[in-house]
Amino acid sequence: MAFFQHPQGPLPFSLRRAVIALAAYGIVTLTYQVWLLLSLGVHFDELILGAVRIVFGLGVAFAISKRMGWARWAGIVGGVIGGLGLVAAGMSLASGGPSAFPLGAVGAAYAVLSTVLLVVPATQLVRGDARAAFSHPAAPSA
């Protein structure tokens, strides 16, 4: 796949998994935002927050595929935030089930799926082969 090619060689599988998970996060968020708009008629500020999430997922996925150093850290921070969201979603599900979410089962499914799709890239981006892929080779000495 040409998308995964880079002058330093092909992306390691850990980076490919991170790119795919972040792109899936963007697509899941887009689908959820469309569902919210069509079924509930959400407010403008909620659409803006959804757009920021979509841009984050797809933008960081693209930047990781191009091995931009900031993208690795953005993916890790997004995973930490997603992990906290997963804990919060788990606590909410444990205390009241899907009815504890304002949007019922769809909201619960989105909360769990989106946070898992944020945690997976973070676990892949801290691996040794991912760190090595972002390190720049030393300049040849003269």
# chains A, B, ... in the order shown; residues from 1 in each chain; ligands from 1
>>> residues_around(residues="A:Gly50", least_positions_apart="4", cutoff="10 Å", atoms="only C-alpha atoms", output="PyMOL selection string")
chain A and resi 26+29-30+32-34+44-46+54-56
>>> residues_around(residues="A:Thr31", least_positions_apart="3", cutoff="12 Å", atoms="only C-alpha atoms", output="list in words")
Ala24, Tyr25, Gly26, Ile27, Val28, Val34, Trp35, Leu36, Leu37, Leu38, Gly50, Ala51, Arg53, Ile54, Val106, Tyr110 and Ser114 of chain A
>>> closest_residue(among="A:Val87, A:Leu11, A:Ala111, A:Leu125", to="A:Trp70", atoms="only C-alpha atoms")
A:Leu125
>>> atom_distance(atom1="atom CA of A:Leu47", atom2="atom CA of A:Val116")
21.6 Å
>>> residues_around(residues="A:Leu117", least_positions_apart="2", cutoff="10 Å", atoms="only C-alpha atoms", output="number ranges by chain")
A: 18, 20-26, 28, 57, 78-79, 82-83, 112-115, 119-122
>>> write_last_selection(atoms="N, CA and C atoms", output="PDB file, in the first residue's frame")
ATOM      1  N   ALA A  18      -1.962   1.484  14.726  1.00  0.00           N
ATOM      2  CA  ALA A  18      -2.341   2.776  15.317  1.00  0.00           C
ATOM      3  C   ALA A  18      -3.071   3.641  14.295  1.00  0.00           C
ATOM      4  N   ILE A  20      -4.765   2.640  11.637  1.00  0.00           N
ATOM      5  CA  ILE A  20      -6.079   2.055  11.346  1.00  0.00           C
ATOM      6  C   ILE A  20      -7.053   2.323  12.487  1.00  0.00           C
ATOM      7  N   ALA A  21      -6.593   2.189  13.735  1.00  0.00           N
ATOM      8  CA  ALA A  21      -7.480   2.422  14.879  1.00  0.00           C
ATOM      9  C   ALA A  21      -7.899   3.888  14.961  1.00  0.00           C
ATOM     10  N   LEU A  22      -6.977   4.818  14.716  1.00  0.00           N
ATOM     11  CA  LEU A  22      -7.341   6.245  14.766  1.00  0.00           C
ATOM     12  C   LEU A  22      -8.267   6.624  13.615  1.00  0.00           C
ATOM     13  N   ALA A  23      -8.027   6.056  12.444  1.00  0.00           N
ATOM     14  CA  ALA A  23      -8.938   6.311  11.321  1.00  0.00           C
ATOM     15  C   ALA A  23     -10.323   5.736  11.628  1.00  0.00           C
ATOM     16  N   ALA A  24     -10.360   4.551  12.243  1.00  0.00           N
ATOM     17  CA  ALA A  24     -11.643   3.959  12.627  1.00  0.00           C
ATOM     18  C   ALA A  24     -12.338   4.826  13.674  1.00  0.00           C
ATOM     19  N   TYR A  25     -11.557   5.409  14.595  1.00  0.00           N
ATOM     20  CA  TYR A  25     -12.133   6.315  15.590  1.00  0.00           C
ATOM     21  C   TYR A  25     -12.799   7.509  14.888  1.00  0.00           C
ATOM     22  N   GLY A  26     -12.119   8.080  13.902  1.00  0.00           N
ATOM     23  CA  GLY A  26     -12.701   9.189  13.162  1.00  0.00           C
ATOM     24  C   GLY A  26     -13.985   8.793  12.444  1.00  0.00           C
ATOM     25  N   VAL A  28     -16.029   6.175  13.203  1.00  0.00           N
ATOM     26  CA  VAL A  28     -17.061   5.873  14.194  1.00  0.00           C
ATOM     27  C   VAL A  28     -17.643   7.168  14.753  1.00  0.00           C
ATOM     28  N   GLY A  57      -8.895  12.376  15.103  1.00  0.00           N
ATOM     29  CA  GLY A  57      -8.665  10.990  14.718  1.00  0.00           C
ATOM     30  C   GLY A  57      -8.037  10.856  13.347  1.00  0.00           C
ATOM     31  N   GLY A  78      -3.991  11.073  23.515  1.00  0.00           N
ATOM     32  CA  GLY A  78      -5.368  10.690  23.202  1.00  0.00           C
ATOM     33  C   GLY A  78      -5.726   9.346  23.809  1.00  0.00           C
ATOM     34  N   GLY A  79      -4.768   8.422  23.828  1.00  0.00           N
ATOM     35  CA  GLY A  79      -5.013   7.121  24.443  1.00  0.00           C
ATOM     36  C   GLY A  79      -5.188   7.199  25.945  1.00  0.00           C
ATOM     37  N   GLY A  82      -8.533   8.599  26.398  1.00  0.00           N
ATOM     38  CA  GLY A  82      -9.475   7.529  26.087  1.00  0.00           C
ATOM     39  C   GLY A  82      -9.547   6.487  27.181  1.00  0.00           C
ATOM     40  N   GLY A  83      -8.407   6.179  27.791  1.00  0.00           N
ATOM     41  CA  GLY A  83      -8.399   5.229  28.894  1.00  0.00           C
ATOM     42  C   GLY A  83      -9.203   5.726  30.075  1.00  0.00           C
ATOM     43  N   VAL A 112     -17.884   3.181  24.700  1.00  0.00           N
ATOM     44  CA  VAL A 112     -16.938   2.085  24.852  1.00  0.00           C
ATOM     45  C   VAL A 112     -16.093   1.922  23.597  1.00  0.00           C
ATOM     46  N   LEU A 113     -16.728   1.917  22.420  1.00  0.00           N
ATOM     47  CA  LEU A 113     -15.995   1.718  21.169  1.00  0.00           C
ATOM     48  C   LEU A 113     -14.999   2.838  20.908  1.00  0.00           C
ATOM     49  N   SER A 114     -15.410   4.074  21.125  1.00  0.00           N
ATOM     50  CA  SER A 114     -14.506   5.191  20.843  1.00  0.00           C
ATOM     51  C   SER A 114     -13.311   5.197  21.792  1.00  0.00           C
ATOM     52  N   THR A 115     -13.540   4.862  23.047  1.00  0.00           N
ATOM     53  CA  THR A 115     -12.405   4.859  23.965  1.00  0.00           C
ATOM     54  C   THR A 115     -11.454   3.703  23.686  1.00  0.00           C
ATOM     55  N   VAL A 119      -7.433   3.917  22.919  1.00  0.00           N
ATOM     56  CA  VAL A 119      -6.437   3.239  23.751  1.00  0.00           C
ATOM     57  C   VAL A 119      -5.524   2.360  22.900  1.00  0.00           C
ATOM     58  N   VAL A 120      -6.078   1.701  21.889  1.00  0.00           N
ATOM     59  CA  VAL A 120      -5.275   0.811  21.040  1.00  0.00           C
ATOM     60  C   VAL A 120      -4.084   1.545  20.406  1.00  0.00           C
ATOM     61  N   PRO A 121      -4.270   2.717  19.789  1.00  0.00           N
ATOM     62  CA  PRO A 121      -3.093   3.390  19.217  1.00  0.00           C
ATOM     63  C   PRO A 121      -2.045   3.752  20.258  1.00  0.00           C
ATOM     64  N   ALA A 122      -2.478   4.148  21.447  1.00  0.00           N
ATOM     65  CA  ALA A 122      -1.508   4.513  22.481  1.00  0.00           C
ATOM     66  C   ALA A 122      -0.665   3.312  22.861  1.00  0.00           C
TER      67      ALA A 122
END
>>> residues_around(residues="A:Arg127", least_positions_apart="6", cutoff="12 Å", atoms="only C-alpha atoms", output="PyMOL selection string")
chain A and resi 12-15+17-18+72+76+120-121+133-134
>>> write_last_selection(atoms="C-alpha atoms", output="mmCIF file, in the first residue's frame")
data_model
loop_
_atom_site.group_PDB
_atom_site.id
_atom_site.type_symbol
_atom_site.label_atom_id
_atom_site.label_comp_id
_atom_site.auth_asym_id
_atom_site.auth_seq_id
_atom_site.Cartn_x
_atom_site.Cartn_y
_atom_site.Cartn_z
ATOM 1 C CA PRO A 12 6.056 -1.065 11.217
ATOM 2 C CA PHE A 13 2.917 -3.055 11.989
ATOM 3 C CA SER A 14 2.463 -1.276 15.316
ATOM 4 C CA LEU A 15 2.185 2.055 13.496
ATOM 5 C CA ARG A 17 -2.426 -0.685 13.699
ATOM 6 C CA ALA A 18 -2.341 2.776 15.317
ATOM 7 C CA ARG A 72 3.111 10.004 18.241
ATOM 8 C CA ILE A 76 -0.379 8.631 23.305
ATOM 9 C CA VAL A 120 -5.275 0.811 21.040
ATOM 10 C CA PRO A 121 -3.093 3.390 19.217
ATOM 11 C CA ALA A 133 10.252 4.510 13.452
ATOM 12 C CA PHE A 134 9.959 8.088 14.706
#
>>> decode(residues="stretch 28-43 of chain A", atoms="N, CA and C atoms", output="CSV table (one decimal), in the first residue's frame")
chain,number,residue,atom,x,y,z
A,28,VAL,N,-16.0,6.2,13.2
A,28,VAL,CA,-17.1,5.9,14.2
A,28,VAL,C,-17.6,7.2,14.8
A,29,THR,N,-16.8,8.1,15.0
A,29,THR,CA,-17.3,9.4,15.5
A,29,THR,C,-18.1,10.1,14.5
A,30,LEU,N,-17.7,10.1,13.2
A,30,LEU,CA,-18.5,10.7,12.2
A,30,LEU,C,-19.9,10.0,12.1
A,31,THR,N,-19.9,8.7,12.1
A,31,THR,CA,-21.2,8.0,12.1
A,31,THR,C,-22.1,8.3,13.3
A,32,TYR,N,-21.5,8.4,14.4
A,32,TYR,CA,-22.3,8.7,15.6
A,32,TYR,C,-22.8,10.2,15.6
A,33,GLN,N,-22.0,11.1,15.1
A,33,GLN,CA,-22.5,12.5,15.0
A,33,GLN,C,-23.6,12.6,13.9
A,34,VAL,N,-23.5,11.9,12.9
A,34,VAL,CA,-24.6,11.9,11.9
A,34,VAL,C,-25.9,11.3,12.5
A,35,TRP,N,-25.7,10.2,13.3
A,35,TRP,CA,-26.9,9.6,13.9
A,35,TRP,C,-27.5,10.6,14.9
A,36,LEU,N,-26.6,11.3,15.7
A,36,LEU,CA,-27.1,12.3,16.6
A,36,LEU,C,-27.9,13.4,15.9
A,37,LEU,N,-27.4,13.9,14.8
A,37,LEU,CA,-28.0,15.0,14.0
A,37,LEU,C,-29.3,14.5,13.5
A,38,LEU,N,-29.4,13.3,12.9
A,38,LEU,CA,-30.6,12.9,12.3
A,38,LEU,C,-31.7,12.5,13.3
A,39,SER,N,-31.3,11.9,14.4
A,39,SER,CA,-32.3,11.4,15.3
A,39,SER,C,-32.7,12.4,16.4
A,40,LEU,N,-31.7,13.2,16.8
A,40,LEU,CA,-32.0,14.1,18.0
A,40,LEU,C,-31.9,15.5,17.6
A,41,GLY,N,-31.3,15.9,16.5
A,41,GLY,CA,-31.2,17.3,16.2
A,41,GLY,C,-30.3,18.0,17.2
A,42,VAL,N,-29.0,17.6,17.3
A,42,VAL,CA,-28.2,18.1,18.4
A,42,VAL,C,-27.9,19.6,18.2
A,43,HIS,N,-27.3,20.2,19.3
A,43,HIS,CA,-27.0,21.6,19.2
A,43,HIS,C,-25.7,21.8,18.5
